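Text of final_0.tsv, listed as TSV, C-alpha atoms and all ligand atoms:
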chain	number	residue	atom	x	y	z
H	1	MET	CA	7.20	14.67	-3.12
H	2	LEU	CA	8.17	13.29	0.31
H	3	THR	CA	11.59	12.08	1.35
H	4	THR	CA	12.67	9.82	4.18
H	5	GLU	CA	16.09	8.55	5.19
H	6	ARG	CA	16.23	5.98	2.37
H	7	LEU	CA	13.25	6.75	0.13
H	8	ILE	CA	11.65	9.20	-2.24
H	9	ILE	CA	7.84	8.97	-2.15
H	10	ARG	CA	6.02	10.58	-5.05
H	11	PRO	CA	2.93	10.17	-7.26
H	12	ILE	CA	3.04	7.30	-9.76
H	13	GLU	CA	4.27	8.06	-13.30
H	14	LYS	CA	4.24	6.27	-16.66
H	15	LEU	CA	8.01	5.76	-16.36
H	16	ASP	CA	7.47	3.48	-13.33
H	17	TYR	CA	6.01	0.78	-15.60
H	18	GLU	CA	8.98	-1.64	-15.80
H	19	ASP	CA	9.69	-1.52	-12.05
H	20	ILE	CA	6.02	-2.15	-11.19
H	21	CYS	CA	5.78	-5.03	-13.69
H	22	GLU	CA	8.58	-6.71	-11.71
H	23	TYR	CA	6.37	-7.19	-8.66
H	24	GLY	CA	2.93	-7.03	-10.28
H	25	SER	CA	3.33	-10.41	-11.90
H	26	ASP	CA	4.66	-12.23	-8.81
H	27	GLU	CA	2.09	-14.73	-7.44
H	28	GLU	CA	3.43	-14.79	-3.87
H	29	THR	CA	3.35	-11.00	-3.68
H	30	GLY	CA	-0.23	-10.90	-4.90
H	31	GLN	CA	-1.62	-13.74	-2.78
H	32	TYR	CA	-3.50	-11.46	-0.35
H	33	MET	CA	-4.25	-8.65	-2.80
H	34	LEU	CA	-7.91	-8.35	-3.81
H	35	HIS	CA	-7.26	-6.11	-6.81
H	36	TRP	CA	-3.87	-5.82	-8.39
H	37	PRO	CA	-2.76	-5.68	-12.05
H	38	LYS	CA	-0.94	-8.91	-12.87
H	39	SER	CA	-0.10	-8.80	-16.58
H	40	ARG	CA	2.05	-6.16	-18.24
H	41	GLU	CA	-1.05	-4.86	-20.05
H	42	GLN	CA	-2.93	-4.58	-16.76
H	43	VAL	CA	-0.03	-2.67	-15.17
H	44	ASP	CA	-0.06	-0.25	-18.11
H	45	LYS	CA	-3.81	0.34	-17.71
H	46	PHE	CA	-3.48	0.57	-13.92
H	47	ILE	CA	-0.91	3.39	-14.21
H	48	ASP	CA	-3.08	5.29	-16.73
H	49	ASN	CA	-6.11	4.83	-14.50
H	50	CYS	CA	-4.24	6.09	-11.40
H	51	ILE	CA	-2.94	9.15	-13.25
H	52	ASN	CA	-6.44	9.95	-14.59
H	53	LYS	CA	-8.05	9.58	-11.18
H	54	MET	CA	-5.39	11.81	-9.59
H	55	ILE	CA	-6.07	14.49	-12.25
H	56	LEU	CA	-9.87	14.27	-12.13
H	57	ASP	CA	-10.25	13.90	-8.37
H	58	ALA	CA	-7.00	15.09	-6.86
H	59	LEU	CA	-8.42	15.47	-3.35
H	60	THR	CA	-9.52	11.83	-3.17
H	61	TRP	CA	-6.95	9.73	-5.04
H	62	HIS	CA	-3.28	9.49	-4.16
H	63	GLU	CA	-1.24	6.69	-5.70
H	64	TYR	CA	2.34	6.92	-4.47
H	65	VAL	CA	5.42	4.95	-5.38
H	66	MET	CA	8.38	4.50	-3.07
H	67	GLN	CA	11.72	4.82	-4.80
H	68	LEU	CA	15.15	3.98	-3.43
H	69	LYS	CA	17.14	7.22	-3.07
H	70	ASP	CA	20.38	5.55	-4.17
H	71	GLU	CA	19.28	3.69	-7.31
H	72	LEU	CA	16.01	5.54	-8.08
H	73	LYS	CA	14.39	2.11	-8.46
H	74	VAL	CA	10.67	1.96	-7.65
H	75	ILE	CA	10.13	-0.82	-5.12
H	76	GLY	CA	6.52	-0.38	-3.99
H	77	ASN	CA	3.17	1.37	-4.23
H	78	ILE	CA	0.98	2.97	-1.59
H	79	THR	CA	-2.64	3.94	-2.26
H	80	LEU	CA	-4.32	6.62	-0.15
H	81	GLU	CA	-8.01	7.26	-0.80
H	82	ILE	CA	-9.47	10.22	1.11
H	83	ARG	CA	-13.20	10.80	1.55
H	84	GLU	CA	-14.14	13.80	3.67
H	85	SER	CA	-11.45	13.62	6.36
H	86	VAL	CA	-11.26	9.82	6.50
H	87	ALA	CA	-8.69	7.88	4.48
H	88	GLU	CA	-8.00	4.28	3.60
H	89	ILE	CA	-4.42	3.22	2.91
H	90	GLY	CA	-3.01	0.10	1.24
H	91	TRP	CA	0.34	-1.11	-0.07
H	92	ILE	CA	2.42	-3.60	-2.05
H	93	SER	CA	6.16	-3.89	-2.62
H	94	ASN	CA	8.80	-5.83	-4.52
H	95	ARG	CA	9.58	-9.13	-2.75
H	96	LYS	CA	13.34	-8.64	-3.19
H	97	TYR	CA	13.15	-5.74	-0.73
H	98	TRP	CA	10.83	-7.17	1.94
H	99	ASN	CA	11.63	-7.08	5.67
H	100	ASN	CA	14.01	-4.14	5.50
H	101	GLY	CA	11.57	-1.65	6.98
H	102	TYR	CA	10.96	0.12	3.66
H	103	MET	CA	7.17	-0.04	3.69
H	104	SER	CA	6.90	1.08	7.32
H	105	GLU	CA	9.24	3.99	6.51
H	106	ALA	CA	7.10	5.05	3.53
H	107	VAL	CA	3.73	4.57	5.23
H	108	SER	CA	4.81	6.52	8.35
H	109	ALA	CA	5.79	9.45	6.12
H	110	ILE	CA	2.52	9.32	4.19
H	111	ILE	CA	0.47	9.16	7.40
H	112	GLU	CA	2.27	12.27	8.71
H	113	HIS	CA	1.73	14.03	5.38
H	114	ALA	CA	-1.99	13.11	5.37
H	115	PHE	CA	-2.53	14.48	8.89
H	116	ASN	CA	-0.41	17.60	8.41
H	117	ASN	CA	-1.21	18.62	4.85
H	118	LEU	CA	-4.23	16.78	3.45
H	119	GLY	CA	-6.83	17.49	6.13
H	120	VAL	CA	-7.10	13.84	7.18
H	121	LYS	CA	-8.32	13.03	10.70
H	122	ARG	CA	-8.47	9.22	10.60
H	123	ILE	CA	-6.76	6.56	8.49
H	124	PHE	CA	-7.90	2.95	8.16
H	125	ALA	CA	-6.10	-0.08	6.77
H	126	THR	CA	-7.34	-3.64	6.39
H	127	CYS	CA	-5.78	-7.00	5.64
H	128	ASN	CA	-6.30	-10.74	5.76
H	129	GLU	CA	-5.41	-12.00	9.25
H	130	LYS	CA	-2.89	-14.39	7.63
H	131	ASN	CA	-0.99	-11.45	6.12
H	132	VAL	CA	1.43	-10.96	9.01
H	133	ALA	CA	3.80	-8.62	7.14
H	134	SER	CA	0.94	-6.27	6.32
H	135	TYR	CA	-0.43	-5.93	9.84
H	136	LYS	CA	3.13	-5.61	11.16
H	137	VAL	CA	3.47	-2.53	8.92
H	138	MET	CA	0.24	-1.17	10.46
H	139	GLU	CA	1.57	-1.77	13.98
H	140	LYS	CA	5.00	-0.30	13.19
H	141	CYS	CA	3.18	2.83	11.98
H	142	ASN	CA	1.30	3.07	15.32
H	143	MET	CA	-2.03	1.97	13.87
H	144	VAL	CA	-4.27	0.16	16.35
H	145	LYS	CA	-6.41	-2.88	15.65
H	146	ILE	CA	-10.05	-1.91	16.14
H	147	LYS	CA	-11.86	-4.95	14.76
H	148	THR	CA	-11.56	-8.50	13.45
H	149	GLU	CA	-14.30	-9.36	10.97
H	150	ASN	CA	-14.59	-13.13	10.81
H	151	ASP	CA	-15.68	-14.61	7.50
H	152	HIS	CA	-15.53	-11.30	5.68
H	153	LYS	CA	-16.85	-11.74	2.13
H	154	SER	CA	-15.28	-10.01	-0.83
H	155	TYR	CA	-14.12	-10.58	-4.41
H	156	ARG	CA	-10.61	-11.32	-5.61
H	157	HIS	CA	-10.07	-10.74	-9.31
H	158	GLY	CA	-13.82	-11.30	-9.79
H	159	GLU	CA	-14.03	-14.52	-7.72
H	160	PRO	CA	-15.82	-14.59	-4.33
H	161	VAL	CA	-13.49	-15.07	-1.34
H	162	THR	CA	-14.07	-15.34	2.42
H	163	PHE	CA	-11.39	-14.49	4.98
H	164	ASN	CA	-10.93	-13.08	8.47
H	165	ARG	CA	-10.25	-9.37	7.99
H	166	LEU	CA	-8.34	-7.15	10.42
H	167	ILE	CA	-9.17	-3.46	10.56
H	168	TYR	CA	-6.57	-1.02	11.92
H	169	CYS	CA	-6.91	2.71	12.49
H	170	ILE	CA	-4.90	5.78	13.46
H	171	GLY	CA	-6.39	9.19	14.26
H	172	ARG	CA	-5.30	12.64	15.24
Z	1	LIG	C1	3.17	-6.01	3.29
Z	1	LIG	C2	4.46	-5.56	2.64
Z	1	LIG	C3	4.21	-4.32	1.77
Z	1	LIG	C4	5.50	-5.22	3.73
Z	1	LIG	O1	6.63	-4.60	3.15
Z	1	LIG	P1	8.03	-4.55	3.91
Z	1	LIG	O2	8.85	-3.49	3.28
Z	1	LIG	O3	8.59	-5.90	4.01
Z	1	LIG	O4	7.55	-4.08	5.37
Z	1	LIG	P2	8.48	-3.71	6.61
Z	1	LIG	O5	9.83	-4.31	6.46
Z	1	LIG	O6	8.39	-2.25	6.86
Z	1	LIG	O7	7.68	-4.43	7.81
Z	1	LIG	C5	7.36	-5.80	7.75
Z	1	LIG	C6	7.44	-6.39	9.14
Z	1	LIG	O8	6.77	-7.65	9.13
Z	1	LIG	C7	7.62	-8.61	9.69
Z	1	LIG	N1	7.22	-9.91	9.11
Z	1	LIG	C8	7.12	-10.23	7.81
Z	1	LIG	N2	6.70	-11.50	7.67
Z	1	LIG	C9	6.51	-11.97	8.93
Z	1	LIG	C10	6.08	-13.20	9.46
Z	1	LIG	N3	5.72	-14.22	8.68
Z	1	LIG	N4	6.01	-13.35	10.81
Z	1	LIG	C11	6.35	-12.32	11.63
Z	1	LIG	N5	6.77	-11.11	11.17
Z	1	LIG	C12	6.86	-10.95	9.84
Z	1	LIG	C13	9.00	-8.16	9.32
Z	1	LIG	O9	9.98	-8.78	10.11
Z	1	LIG	C14	8.86	-6.66	9.58
Z	1	LIG	O10	8.89	-6.36	10.96
Z	1	LIG	P3	10.24	-5.87	11.72
Z	1	LIG	O11	10.77	-4.70	10.97
Z	1	LIG	O12	9.75	-5.55	13.10
Z	1	LIG	O13	11.19	-7.01	11.67
Z	1	LIG	C15	5.05	-6.67	1.72
Z	1	LIG	O14	5.20	-7.83	2.49
Z	1	LIG	C16	4.16	-6.97	0.53
Z	1	LIG	O15	4.24	-6.31	-0.51
Z	1	LIG	N6	3.30	-8.00	0.65
Z	1	LIG	C17	2.47	-8.42	-0.48
Z	1	LIG	C18	1.39	-7.40	-0.82
Z	1	LIG	C19	0.36	-7.30	0.29
Z	1	LIG	O16	-0.01	-8.30	0.87
Z	1	LIG	N7	-0.10	-6.07	0.54
Z	1	LIG	C20	-1.07	-5.80	1.58
Z	1	LIG	C21	-2.43	-6.22	1.21
Z	1	LIG	S1	-3.55	-5.87	2.56
Please express the file's structure as structure tokens.
Ligand SMILES: CC(C)(COP(=O)(O)OP(=O)(O)OC[C@H]1O[C@@H](n2cnc3c(N)ncnc32)[C@H](O)[C@@H]1OP(=O)(O)O)[C@@H](O)C(=O)NCCC(=O)NCCS
Amino acid sequence: MLTTERLIIRPIEKLDYEDICEYGSDEETGQYMLHWPKSREQVDKFIDNCINKMILDALTWHEYVMQLKDELKVIGNITLEIRESVAEIGWISNRKYWNNGYMSEAVSAIIEHAFNNLGVKRIFATCNEKNVASYKVMEKCNMVKIKTENDHKSYRHGEPVTFNRLIYCIGR
């Protein structure tokens, strides 16, 4: 478990279900997400899947939630996937709490933890170039833009999508 000034950051648990459903189903929140559970059933499966992956491959998979210290409400998720000493990080949070610095606070703490305790040497994050809030989080966490991939092709909920993708990195 990690703590910051305002947050507790810990691995996801079954009990987080209702709080995650609150933002999982929100269309605006999910507009730039390529994979995210939308329905209540999908959130349930997502949590089970995360817990299983963290048990079976604990060195690779880290699905964190950020929880307000005061209310203990879960207001966002951060995924850290580590392969060798290179990690990819991604995030989503509850729209009611946007633009208060919460995600930057959580991601900064996880980056420090990854470098200091998880053997990570480099961390990458990517987003759609239209997703200003997401690349602002990267910049506030001292990540540096290393590439813009124009017309990047991917799939969103099974449908092909094309977008300009920004790639940010931080190393130590
Ligand atoms: C990305 C996300 C997690 C950010 O969470 P957050 O808690 O609001 O992040 P922070 O408050 O730490 O930082 C956001 C920064 O972006 C800025 N920002 C947000 N929208 C902006 C916009 N349209 N133009 C300029 N700046 C903007 C905020 O002002 C803030 O910067 P500041 O603290 O310097 O003022 C949240 O917006 C989210 O869940 N988005 C939907 C899911 C998503 O897209 N995830 C990423 C997929 S790659």
* Asked: Which chains and residue numbers are within 8 Å of ligand LIG 1 (chain Z), counting all atoms listed in the file, if I want them as a PyMOL selection string?
  -> chain H and resi 28-34+76+90-95+97-105+125-128+131-137+140
Store the residues of this selection in a file with C-alpha atoms, as an mmCIF file, keeping the file's coordinate frame.
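Saved as result04.cif:
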data_model
loop_
_atom_site.group_PDB
_atom_site.id
_atom_site.type_symbol
_atom_site.label_atom_id
_atom_site.label_comp_id
_atom_site.auth_asym_id
_atom_site.auth_seq_id
_atom_site.Cartn_x
_atom_site.Cartn_y
_atom_site.Cartn_z
ATOM 1 C CA GLU H 28 3.430 -14.790 -3.870
ATOM 2 C CA THR H 29 3.350 -11.000 -3.680
ATOM 3 C CA GLY H 30 -0.230 -10.900 -4.900
ATOM 4 C CA GLN H 31 -1.620 -13.740 -2.780
ATOM 5 C CA TYR H 32 -3.500 -11.460 -0.350
ATOM 6 C CA MET H 33 -4.250 -8.650 -2.800
ATOM 7 C CA LEU H 34 -7.910 -8.350 -3.810
ATOM 8 C CA GLY H 76 6.520 -0.380 -3.990
ATOM 9 C CA GLY H 90 -3.010 0.100 1.240
ATOM 10 C CA TRP H 91 0.340 -1.110 -0.070
ATOM 11 C CA ILE H 92 2.420 -3.600 -2.050
ATOM 12 C CA SER H 93 6.160 -3.890 -2.620
ATOM 13 C CA ASN H 94 8.800 -5.830 -4.520
ATOM 14 C CA ARG H 95 9.580 -9.130 -2.750
ATOM 15 C CA TYR H 97 13.150 -5.740 -0.730
ATOM 16 C CA TRP H 98 10.830 -7.170 1.940
ATOM 17 C CA ASN H 99 11.630 -7.080 5.670
ATOM 18 C CA ASN H 100 14.010 -4.140 5.500
ATOM 19 C CA GLY H 101 11.570 -1.650 6.980
ATOM 20 C CA TYR H 102 10.960 0.120 3.660
ATOM 21 C CA MET H 103 7.170 -0.040 3.690
ATOM 22 C CA SER H 104 6.900 1.080 7.320
ATOM 23 C CA GLU H 105 9.240 3.990 6.510
ATOM 24 C CA ALA H 125 -6.100 -0.080 6.770
ATOM 25 C CA THR H 126 -7.340 -3.640 6.390
ATOM 26 C CA CYS H 127 -5.780 -7.000 5.640
ATOM 27 C CA ASN H 128 -6.300 -10.740 5.760
ATOM 28 C CA ASN H 131 -0.990 -11.450 6.120
ATOM 29 C CA VAL H 132 1.430 -10.960 9.010
ATOM 30 C CA ALA H 133 3.800 -8.620 7.140
ATOM 31 C CA SER H 134 0.940 -6.270 6.320
ATOM 32 C CA TYR H 135 -0.430 -5.930 9.840
ATOM 33 C CA LYS H 136 3.130 -5.610 11.160
ATOM 34 C CA VAL H 137 3.470 -2.530 8.920
ATOM 35 C CA LYS H 140 5.000 -0.300 13.190
#
* Can you work out which one of H:Ile55, H:Cys21, H:Met138, H:Ile123 has the shortest atom-to-atom distance to H:Leu80, counting only C-alpha atoms? => H:Ile123
* Could you state the separation of atom CA of H:Pro11 and atom CA of H:Trp61 in Å, given to one decimal place? -> 10.1 Å
* Quick one: of H:Glu139, H:Glu5, H:Glu18, H:Glu149, who's nearest to H:Ile75, counting all atoms listed in the file? ->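 Checking each of H:Glu139, H:Glu5, H:Glu18, H:Glu149 against H:Ile75, counting all atoms listed in the file, the winner is H:Glu18.
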* To do: For H:Thr4, work out the shell of residues within 9 Å, counting all atoms listed in the file and skipping chain neighbours fewer than 3 positions away, then give it as number ranges by chain.
  => H: 7-9, 69, 105-106, 109
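The nearest approach to H:Asp16 among the residues H:Asn150, H:Ser108, H:Asn142, H:Gln67, with all atoms listed in the file taken into account, belongs to H:Gln67.
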Report as JSON the centre and the edge lengths, in Å to one decimal, of the axis-aligned box holding every listed atom of stretch 134-145 of chain H, padded by 8 Å on each side.
{"center_x": -0.7, "center_y": -1.6, "center_z": 11.3, "size_x": 27.4, "size_y": 25.3, "size_z": 26.0}
* If you measure from atom CA of H:Cys169 to atom CA of H:Ile146, what distance in Å do you get, rounded to one decimal? ->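 Distance between the two atoms: 6.7 Å.
Straight-line separation from atom CA of H:Val107 to atom CA of H:Thr3: 11.5 Å.
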* Taking into account all atoms listed in the file, which residue in the set H:Lys38, H:Lys130, H:Arg165, H:Arg10 is nearest to H:Lys147? -> H:Arg165
* Asked: Using all atoms listed in the file, which residue out of H:Ile12, H:Leu56, H:Tyr23, H:Arg172 lies closest to H:Thr79?
  ->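 The shortest atom-to-atom distance to H:Thr79 comes from H:Ile12.
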* Measuring atom to atom with all atoms listed in the file, identify which of H:Asn77, H:Asn116, H:Thr60, H:Ser85 is nearest to H:Ile20. =>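 Under the stated criterion, the closest residue is H:Asn77.
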